[in-house]
Every structure is written in structure tokens, then in C-alpha cells.
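Listing of query27.txt; format and content: compact mmCIF, C-alpha atoms.
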```
# COMPACT_ATOMS: atom_id res chain seq x y z
CA MET P 265 14.27 4.20 -55.60
CA THR P 266 12.36 4.70 -52.40
CA GLN P 267 14.08 4.07 -49.07
CA ILE P 268 11.96 3.09 -46.10
CA VAL P 269 13.45 3.40 -42.63
CA CYS P 270 11.74 1.28 -40.03
CA GLY P 271 12.22 1.65 -36.29
CA GLN P 272 10.42 1.06 -33.10
CA GLU P 273 7.14 2.91 -33.01
CA ARG P 274 6.31 5.32 -30.26
CA THR P 275 3.20 4.57 -28.22
CA VAL P 276 1.21 6.55 -25.70
CA GLN P 277 3.15 6.72 -22.43
CA ASN P 278 1.48 5.68 -19.18
CA ARG P 279 2.24 7.90 -16.19
CA PRO P 280 4.61 10.18 -18.16
CA TYR P 281 5.62 12.31 -15.16
CA THR P 282 6.12 9.60 -12.56
CA ASP P 283 9.94 9.65 -12.82
CA LEU P 284 10.07 13.41 -12.24
CA ARG P 285 9.04 13.09 -8.59
CA PRO P 286 11.91 13.94 -6.22
CA PHE P 287 10.84 11.19 -3.79
CA HIS P 288 8.28 8.40 -3.74
CA PHE P 289 7.27 5.30 -1.75
CA GLY P 290 6.35 1.78 -2.76
CA ILE P 291 5.94 -1.80 -1.59
CA LEU P 292 7.80 -4.97 -2.57
CA VAL P 293 7.27 -8.70 -2.49
CA GLY P 294 9.31 -11.57 -3.86
CA THR P 295 11.04 -14.90 -3.50
CA HIS P 296 14.68 -15.83 -3.02
CA LEU P 297 17.11 -18.73 -2.85
CA GLN P 298 19.51 -19.00 0.11
CA ASP P 299 22.84 -20.77 0.40
CA LEU P 300 25.62 -21.05 2.98
CA GLU P 301 29.23 -21.29 1.85
CA LEU P 302 30.72 -23.38 4.69
CA ASN P 303 34.42 -23.84 5.42
CA ASN P 304 35.15 -27.28 6.94
CA VAL P 305 38.09 -27.52 9.34
CA GLY P 306 39.01 -31.16 8.62
CA PRO P 307 40.48 -33.38 11.39
CA GLN P 308 39.75 -32.10 14.90
CA LEU P 309 40.38 -33.31 18.45
CA ILE P 310 37.36 -33.34 20.79
CA THR P 311 37.52 -34.08 24.53
CA ASP P 312 34.29 -35.51 25.98
CA ASP P 313 32.88 -35.20 29.52
CA GLN P 314 34.95 -38.21 30.68
CA GLY P 315 38.19 -36.53 29.58
CA VAL P 316 38.68 -38.85 26.60
CA THR P 317 40.11 -37.16 23.50
CA ARG P 318 39.20 -38.47 20.05
CA GLU P 319 39.85 -37.34 16.51
CA TYR P 320 36.84 -36.56 14.32
CA ILE P 321 36.55 -35.73 10.65
CA VAL P 322 33.09 -34.28 9.98
CA THR P 323 32.01 -32.48 6.82
CA ALA P 324 29.12 -30.01 6.65
CA ASP P 325 27.37 -28.67 3.59
CA GLN P 326 24.15 -27.03 2.51
CA ASP P 327 23.62 -29.37 -0.40
CA ARG P 328 20.93 -27.34 -2.16
CA TRP P 329 19.65 -23.80 -2.60
CA ASP P 330 16.65 -23.38 -0.30
CA ASN P 331 13.84 -21.01 -1.19
CA GLY P 332 12.17 -18.36 0.93
CA PHE P 333 10.07 -15.23 0.53
CA HIS P 334 10.36 -11.56 1.48
CA VAL P 335 8.18 -8.47 1.86
CA GLY P 336 9.01 -4.84 2.47
CA VAL P 337 8.64 -1.19 1.61
CA LEU P 338 10.83 1.28 -0.26
CA GLY P 339 11.63 4.94 -0.52
CA GLU P 340 13.38 6.24 -3.62
CA PHE P 341 15.15 9.56 -4.25
CA ARG P 342 15.62 11.02 -7.73
CA MET P 343 19.25 12.08 -8.28
CA GLY P 344 19.01 13.08 -11.93
CA ASP P 345 17.71 11.83 -15.25
CA ASN P 346 19.41 8.44 -14.94
CA PHE P 347 20.31 7.92 -11.27
CA GLN P 348 18.14 7.03 -8.27
CA PHE P 349 18.97 6.16 -4.68
CA ARG P 350 16.73 3.59 -2.97
CA LEU P 351 16.23 2.50 0.63
CA ALA P 352 14.26 -0.74 1.04
CA PRO P 353 13.56 -2.13 4.57
CA THR P 354 12.68 -5.80 4.02
CA LEU P 355 11.87 -8.96 5.98
CA TYR P 356 13.39 -12.21 4.63
CA PHE P 357 11.98 -15.60 5.71
CA GLY P 358 13.66 -18.90 4.91
CA THR P 359 15.14 -22.21 6.04
CA ARG P 360 18.49 -23.76 5.13
CA HIS P 361 19.00 -27.53 5.17
CA VAL P 362 22.51 -28.40 6.39
CA SER P 363 23.89 -31.96 6.24
CA PHE P 364 26.74 -33.33 8.39
CA HIS P 365 28.67 -36.51 7.60
CA ASN P 366 31.07 -38.28 9.96
CA MET P 367 33.95 -39.68 7.89
CA ASP P 368 34.93 -42.23 10.57
CA PRO P 369 34.04 -45.68 9.13
CA LEU P 370 33.86 -47.14 12.65
CA ALA P 371 31.31 -44.61 13.92
CA PRO P 372 27.87 -46.01 14.85
CA ASP P 373 25.01 -45.33 12.46
CA SER P 374 23.53 -42.68 14.76
CA LEU P 375 26.71 -40.59 14.44
CA ILE P 376 27.45 -41.02 10.72
CA SER P 377 25.03 -38.38 9.47
CA ARG P 378 23.09 -35.55 11.03
CA LYS P 379 20.84 -32.85 9.56
CA GLN P 380 19.78 -29.40 10.67
CA ASN P 381 17.02 -27.10 9.46
CA LEU P 382 18.61 -23.71 10.00
CA LYS P 383 15.67 -21.33 10.11
CA SER P 384 16.35 -17.66 9.48
CA VAL P 385 14.37 -14.45 9.70
CA TYR P 386 16.33 -11.42 8.54
CA ILE P 387 15.39 -7.78 8.64
CA GLY P 388 17.48 -5.74 6.23
CA CYS P 389 17.61 -2.24 4.80
CA ALA P 390 19.20 -2.20 1.36
CA ALA P 391 20.82 1.04 0.21
CA ASP P 392 21.03 0.85 -3.60
CA LEU P 393 22.29 3.10 -6.38
CA ILE P 394 20.29 2.62 -9.59
CA PHE P 395 21.40 3.62 -13.09
CA SER P 396 18.54 3.61 -15.59
CA ALA P 397 18.56 3.83 -19.37
CA GLN P 398 16.35 6.35 -21.12
CA ARG P 399 12.69 5.47 -21.05
CA PHE P 400 11.22 4.14 -24.28
CA ASN P 401 7.46 3.83 -24.48
CA ASN P 402 6.41 2.06 -21.29
CA HIS P 403 9.59 0.32 -20.19
CA ARG P 404 13.00 1.34 -18.85
CA PRO P 405 15.82 -1.14 -18.02
CA TYR P 406 18.38 -0.47 -15.29
CA VAL P 407 21.30 -1.90 -13.32
CA MET P 408 21.89 -1.51 -9.58
CA VAL P 409 24.52 -2.03 -6.87
CA GLY P 410 24.32 -1.53 -3.13
CA LEU P 411 24.94 -2.66 0.43
CA ASN P 412 22.41 -4.44 2.60
CA PRO P 413 23.01 -4.67 6.39
CA MET P 414 20.83 -7.34 8.02
CA ILE P 415 19.85 -8.46 11.50
CA ASN P 416 19.19 -12.17 12.08
CA LEU P 417 16.12 -12.45 14.33
CA ASN P 418 16.34 -16.22 14.73
CA GLY P 419 18.82 -18.60 16.35
CA SER P 420 18.85 -21.40 18.89
CA ASP P 421 21.48 -22.52 21.39
CA ASN P 422 20.40 -26.13 20.76
CA ASP P 423 21.30 -26.19 17.06
CA TYR P 424 24.52 -27.60 15.60
CA LEU P 425 25.26 -24.33 13.83
CA LYS P 426 24.18 -20.85 14.82
CA LEU P 427 24.53 -17.68 12.79
CA LYS P 428 25.58 -14.30 14.12
CA ARG P 429 23.01 -11.64 14.77
CA TYR P 430 24.45 -9.15 12.26
CA ASP P 431 25.60 -9.53 8.67
CA LEU P 432 26.44 -7.25 5.74
CA PHE P 433 25.76 -8.07 2.09
CA PHE P 434 26.97 -6.67 -1.22
CA GLU P 435 24.26 -6.80 -3.85
CA ALA P 436 24.12 -6.25 -7.61
CA GLY P 437 21.43 -6.88 -10.16
CA VAL P 438 19.32 -5.86 -13.13
CA GLY P 439 15.70 -4.90 -13.56
CA CYS P 440 13.20 -3.10 -15.74
CA ASP P 441 10.48 -0.54 -15.06
CA PHE P 442 7.11 -1.23 -16.67
CA TYR P 443 4.76 1.74 -16.68
CA LEU P 444 1.18 0.55 -16.27
CA PRO P 445 -1.89 2.81 -16.31
CA PHE P 446 -2.22 3.01 -12.51
CA PHE P 447 1.24 2.17 -11.13
CA LYS P 448 4.81 1.29 -12.09
CA LEU P 449 5.84 -2.39 -11.86
CA ARG P 450 9.54 -3.16 -11.42
CA PRO P 451 10.75 -6.80 -11.60
CA GLU P 452 14.34 -7.10 -10.38
CA LEU P 453 16.81 -9.97 -10.16
CA LYS P 454 19.85 -9.50 -7.92
CA PHE P 455 22.62 -11.48 -6.23
CA LEU P 456 23.62 -10.98 -2.58
CA TYR P 457 26.93 -12.07 -1.11
CA GLY P 458 27.80 -11.84 2.60
CA LEU P 459 30.92 -9.80 3.34
CA THR P 460 31.45 -11.13 6.87
CA ASN P 461 31.84 -14.50 8.59
CA ALA P 462 28.21 -15.18 9.49
CA LEU P 463 28.99 -18.14 11.78
CA ASP P 464 28.74 -17.71 15.55
CA THR P 465 32.08 -19.32 16.45
CA ASP P 466 31.37 -19.01 20.18
CA HIS P 467 28.28 -21.19 19.90
CA ALA P 468 30.18 -24.40 20.80
CA ASN P 469 30.93 -23.04 24.28
CA HIS P 470 27.22 -22.83 25.10
CA LEU P 471 26.12 -26.31 24.02
CA LYS P 472 24.57 -28.44 26.74
CA ASP P 473 24.75 -31.66 24.72
CA LYS P 474 28.50 -32.27 24.27
CA THR P 475 27.89 -35.02 21.68
CA MET P 476 27.06 -32.18 19.27
CA LEU P 477 30.57 -30.70 19.50
CA PRO P 478 32.17 -32.66 16.59
CA TYR P 479 29.46 -31.33 14.28
CA THR P 480 29.40 -27.77 15.62
CA LYS P 481 33.19 -27.43 15.46
CA SER P 482 33.44 -28.98 12.00
CA VAL P 483 32.90 -25.51 10.48
CA ASN P 484 34.77 -22.30 11.26
CA LYS P 485 33.42 -19.93 8.59
CA ALA P 486 30.13 -19.36 6.82
CA ARG P 487 29.21 -16.84 4.17
CA THR P 488 25.63 -16.27 3.15
CA LYS P 489 24.54 -16.03 -0.48
CA MET P 490 21.14 -15.22 -1.95
CA VAL P 491 19.58 -14.98 -5.39
CA VAL P 492 16.62 -12.62 -5.05
CA LEU P 493 13.68 -11.99 -7.38
CA THR P 494 11.64 -8.97 -6.29
CA PHE P 495 8.57 -7.19 -7.64
CA TYR P 496 8.32 -3.51 -6.72
CA PHE P 497 5.01 -1.66 -6.92
CA GLU P 498 5.48 2.10 -7.08
```
Just dump the structure as C-alpha cells.
Amino acid sequence: MTQIVCGQERTVQNRPYTDLRPFHFGILVGTHLQDLELNNVGPQLITDDQGVTREYIVTADQDRWDNGFHVGVLGEFRMGDNFQFRLAPTLYFGTRHVSFHNMDPLAPDSLISRKQNLKSVYIGCAADLIFSAQRFNNHRPYVMVGLNPMINLNGSDNDYLKLKRYDLFFEAGVGCDFYLPFFKLRPELKFLYGLTNALDTDHANHLKDKTMLPYTKSVNKARTKMVVLTFYFE
């Protein structure tokens, strides 16, 4: 009786020494989905310019994940056969659509619902630890975790909601290295979750239009979330 053992066949490896470099650069481009996790305060008392105090119940929600895009560069350090440390300065562009609804049935139509396009431009620098499996042929899967501090470059004093200038994200994801003849391609999918309250709670004190106060004060916390698909070229 003849036994035949079949397994995955070995093929010629592209760029066989690329992972032995102690340090290398690359570029990245991708798309992402943004969301805001808003905490509504419920009933609130608002005093207008005439000194009249009224109770408002306004709810706010980003009712969909809004897409954006990002570009950046990376520098990666080799820490051993399976570990790498990566720094990736990146620009994130996007817009969030926030809806407000006044729960007062006697409110005029102009006050029942409001919308805001919350534009955002972030510059971040992710610091990630990568654990890779052993390379087989021309692919190598990996998992990653890291922290990503970001600076919000956009914000207006005339919006209902305004985000703080600084935020910090935890990120985790998976990816795979594909070794092509002239470069290494790395698709990566990761999830980012904001660790701080991203809402500028002092924004209400700077509003010129006081009719915006019930909507601005309807939220006291906001946490940013992103689902990010990135393509690295190394």
C-alpha cells in the first residue's frame, strides 16, 4: 500500500530578504467609516435672552456610519522574527451627519428637527505592535494593537456640536502581507475606539445664536469610533 502525503506546495518567494531589514519606510492609503457614540442628557432647562426658562427634551444621534478617506506614511522597526513596531502619521478626512429631534409635540416645525454636517480633519500618529505568523510562500498574516493620538484640525463655533482638538484612540486589527515582485502590499482592517470624551463641553458658552442651546446642550459626552481599511505599500 502506497501512502501519499499532500500539503501546500512551496513556490518561489518574492523579495525573500525584505523582512530582515531593521527599519523601512512606506506609504498608506485607505478608506474608513466614522461614528459618534453620543450620550443624551434628557430633560434640560434653558433660559433664553428674555430670562424665560423652558424645559426641552432633545435627542441627538449620528444615525449612520459615514465614510471618509485617509493617506499617510509609515516607518517600521523589526523587533525579531515575529514582532514589528510601526509608526504611521496619517491624515483622516471625513464628515459625520448628526440629527437632532425635539421631543416637544408643541414645538413649531422649524424646531422639531435639525441636522449638522460635522466635518473633521484629523492628523494622527499610530504606534502599533504587530505580531506576524511565519511567512509561507508569498503571504504572511498578522494581528496588531496600538494607540493612536489625534489632533482635530477642524471645528466651528457656529455648529451645534463641536469636538475637542485632541483625542486618543485604542486600535486593534488584522492584516496580511503579500509579497509582490517589486514591493510588499499589506491590506489591514482595524477598529478604533476613542478613549476620551471628544465633545467640547464648553462650546455652548461661545454660541452667538442662543436658539441653538437646546440642541448643543442635549449631549454631554461623545466617543469617536472608526472602522478603517488601509493598504500599505512597503
Using the file's own x, y and z axes, so that the box edges lie along x, y and z, what centre and edge lengths in Å (one decimal) does a box around every listed atom of region 378-388 of chain P get when 5 Å is added on each side? Give it as lines of an AutoDock Vina configuration file.
```
center_x = 18.7
center_y = -20.6
center_z = 8.6
size_x = 18.7
size_y = 39.8
size_z = 14.8
```
>> I want to know what sits within 10 Å of Gln326 (chain P), based on all atoms listed in the file, with residues of the same chain fewer than 6 positions away left out; could you give that as a ChimeraX atom specification?
In response: /P:298-302,360-364,379-382
Place a sphere of radius 10 Å on (18.4, -2.4, -5.2) in the file coordinates and name every protein, DNA or RNA residue with an atom inside or on its surface, counting all atoms listed in the file; give the answer as a CSV table (one decimal) with C-alpha atoms, in the frame of the given file.
```csv
chain,number,residue,atom,x,y,z
P,338,LEU,CA,10.8,1.3,-0.3
P,348,GLN,CA,18.1,7.0,-8.3
P,349,PHE,CA,19.0,6.2,-4.7
P,350,ARG,CA,16.7,3.6,-3.0
P,351,LEU,CA,16.2,2.5,0.6
P,352,ALA,CA,14.3,-0.7,1.0
P,390,ALA,CA,19.2,-2.2,1.4
P,391,ALA,CA,20.8,1.0,0.2
P,392,ASP,CA,21.0,0.8,-3.6
P,393,LEU,CA,22.3,3.1,-6.4
P,394,ILE,CA,20.3,2.6,-9.6
P,407,VAL,CA,21.3,-1.9,-13.3
P,408,MET,CA,21.9,-1.5,-9.6
P,409,VAL,CA,24.5,-2.0,-6.9
P,410,GLY,CA,24.3,-1.5,-3.1
P,411,LEU,CA,24.9,-2.7,0.4
P,412,ASN,CA,22.4,-4.4,2.6
P,435,GLU,CA,24.3,-6.8,-3.8
P,436,ALA,CA,24.1,-6.2,-7.6
P,437,GLY,CA,21.4,-6.9,-10.2
P,438,VAL,CA,19.3,-5.9,-13.1
P,439,GLY,CA,15.7,-4.9,-13.6
P,452,GLU,CA,14.3,-7.1,-10.4
P,453,LEU,CA,16.8,-10.0,-10.2
P,454,LYS,CA,19.8,-9.5,-7.9
P,494,THR,CA,11.6,-9.0,-6.3
```
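When only C-alpha atoms are used to measure the gap to Asn418 (chain P), the shortest distance among P:Ser396, P:Asn278, P:Thr359, P:Asn366 belongs to P:Thr359.
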How close does region 376-485 of chain P get to region 307-318 of chain P? List, as a tab-separated table, each residue of region 376-485 of chain P within 9 Å, its nearest atom pair and the distance in Å to one decimal, counting all atoms listed in the file.
```
residue	atom	partner	partner_atom	distance
P:Lys474	CA	P:Asp312	CA	6.9
P:Thr475	CA	P:Asp312	CA	7.7
P:Leu477	CA	P:Ile310	CA	7.4
P:Pro478	CA	P:Ile310	CA	6.7
P:Lys481	CA	P:Gln308	CA	8.1
P:Ser482	CA	P:Gln308	CA	7.6
```
>> Counting only C-alpha atoms, I want the residues whose atoms come within 8 Å of (27.6, -18.4, 12.9) in the file frame, returned as an MDAnalysis selection string.
In response: chainID P and resid 425:428 461:465 467 485:486
Writing out the chosen residues with C-alpha atoms as a PDB file, in the frame of the given file:
```pdb
ATOM      1  CA  LEU P 425      25.260 -24.330  13.830  1.00  0.00           C
ATOM      2  CA  LYS P 426      24.180 -20.850  14.820  1.00  0.00           C
ATOM      3  CA  LEU P 427      24.530 -17.680  12.790  1.00  0.00           C
ATOM      4  CA  LYS P 428      25.580 -14.300  14.120  1.00  0.00           C
ATOM      5  CA  ASN P 461      31.840 -14.500   8.590  1.00  0.00           C
ATOM      6  CA  ALA P 462      28.210 -15.180   9.490  1.00  0.00           C
ATOM      7  CA  LEU P 463      28.990 -18.140  11.780  1.00  0.00           C
ATOM      8  CA  ASP P 464      28.740 -17.710  15.550  1.00  0.00           C
ATOM      9  CA  THR P 465      32.080 -19.320  16.450  1.00  0.00           C
ATOM     10  CA  HIS P 467      28.280 -21.190  19.900  1.00  0.00           C
ATOM     11  CA  LYS P 485      33.420 -19.930   8.590  1.00  0.00           C
ATOM     12  CA  ALA P 486      30.130 -19.360   6.820  1.00  0.00           C
TER      13      ALA P 486
END
```
> Could you work out how far CA of Asn346 (chain P) lies from CA of Pro445 (chain P), giving the answer in Å with one decimal?
Replying inline: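 If I compute the distance from CA of Pro445 (chain P) to CA of Asn346 (chain P), I get 22.1 Å.
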>> With distances taken over only C-alpha atoms, which residue among P:Glu319, P:Glu498, P:Asp368, P:Asp283 lies nearest Val337 (chain P)?
In response: P:Glu498
>> If I take CA of Asn484 (chain P) and CA of Trp329 (chain P), how far is one from the other in Å, to one decimal?
In response: 20.6 Å
> Which is closer to Pro405 (chain P) than all the others in P:Cys440, P:Ile387, P:Ile291, P:Leu449, using all atoms listed in the file?
Replying inline: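 Of P:Cys440, P:Ile387, P:Ile291, P:Leu449, the one nearest Pro405 (chain P) is P:Cys440, counting all atoms listed in the file.
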> Between P:Ile415, P:Leu284, P:Val491, P:Ala468, which has the minimum distance to Leu355 (chain P) (counting all atoms listed in the file)?
Replying inline: P:Ile415
> How many Å lie between CA of Ser384 (chain P) and CA of Gly339 (chain P), rounded to one decimal?
Replying inline: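 One can read the CA of Ser384 (chain P) to CA of Gly339 (chain P) distance as 25.2 Å.
Restricting the calculation to all atoms listed in the file, the smallest distance between Asp325 (chain P) and any of P:Arg487, P:Tyr386, P:Met414, P:Phe434 is found for P:Arg487.
Minimum atom-to-atom distances from P:Met490, P:Met343, P:Leu417, P:Val322 to Met476 (chain P) were compared using only C-alpha atoms, and the lowest value belongs to P:Val322.
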> If we count all atoms listed in the file, what is near Arg450 (chain P) at a cut-off of 7 Å, once residues fewer than 6 positions away on the same chain are taken out, given as an MDAnalysis selection string?
Replying inline: chainID P and resid 439:442 495:497
So which residues touch Arg279 (chain P) within 10 Å, counting only C-alpha atoms, skipping near sequence neighbours fewer than 2 positions away, as a PDB file with C-alpha atoms, in the coordinates of the input?
```
ATOM      1  CA  VAL P 276       1.210   6.550 -25.700  1.00  0.00           C
ATOM      2  CA  GLN P 277       3.150   6.720 -22.430  1.00  0.00           C
ATOM      3  CA  TYR P 281       5.620  12.310 -15.160  1.00  0.00           C
ATOM      4  CA  THR P 282       6.120   9.600 -12.560  1.00  0.00           C
ATOM      5  CA  ASP P 283       9.940   9.650 -12.820  1.00  0.00           C
ATOM      6  CA  ASN P 402       6.410   2.060 -21.290  1.00  0.00           C
ATOM      7  CA  TYR P 443       4.760   1.740 -16.680  1.00  0.00           C
ATOM      8  CA  LEU P 444       1.180   0.550 -16.270  1.00  0.00           C
ATOM      9  CA  PRO P 445      -1.890   2.810 -16.310  1.00  0.00           C
ATOM     10  CA  PHE P 446      -2.220   3.010 -12.510  1.00  0.00           C
ATOM     11  CA  PHE P 447       1.240   2.170 -11.130  1.00  0.00           C
ATOM     12  CA  LYS P 448       4.810   1.290 -12.090  1.00  0.00           C
TER      13      LYS P 448
END
```
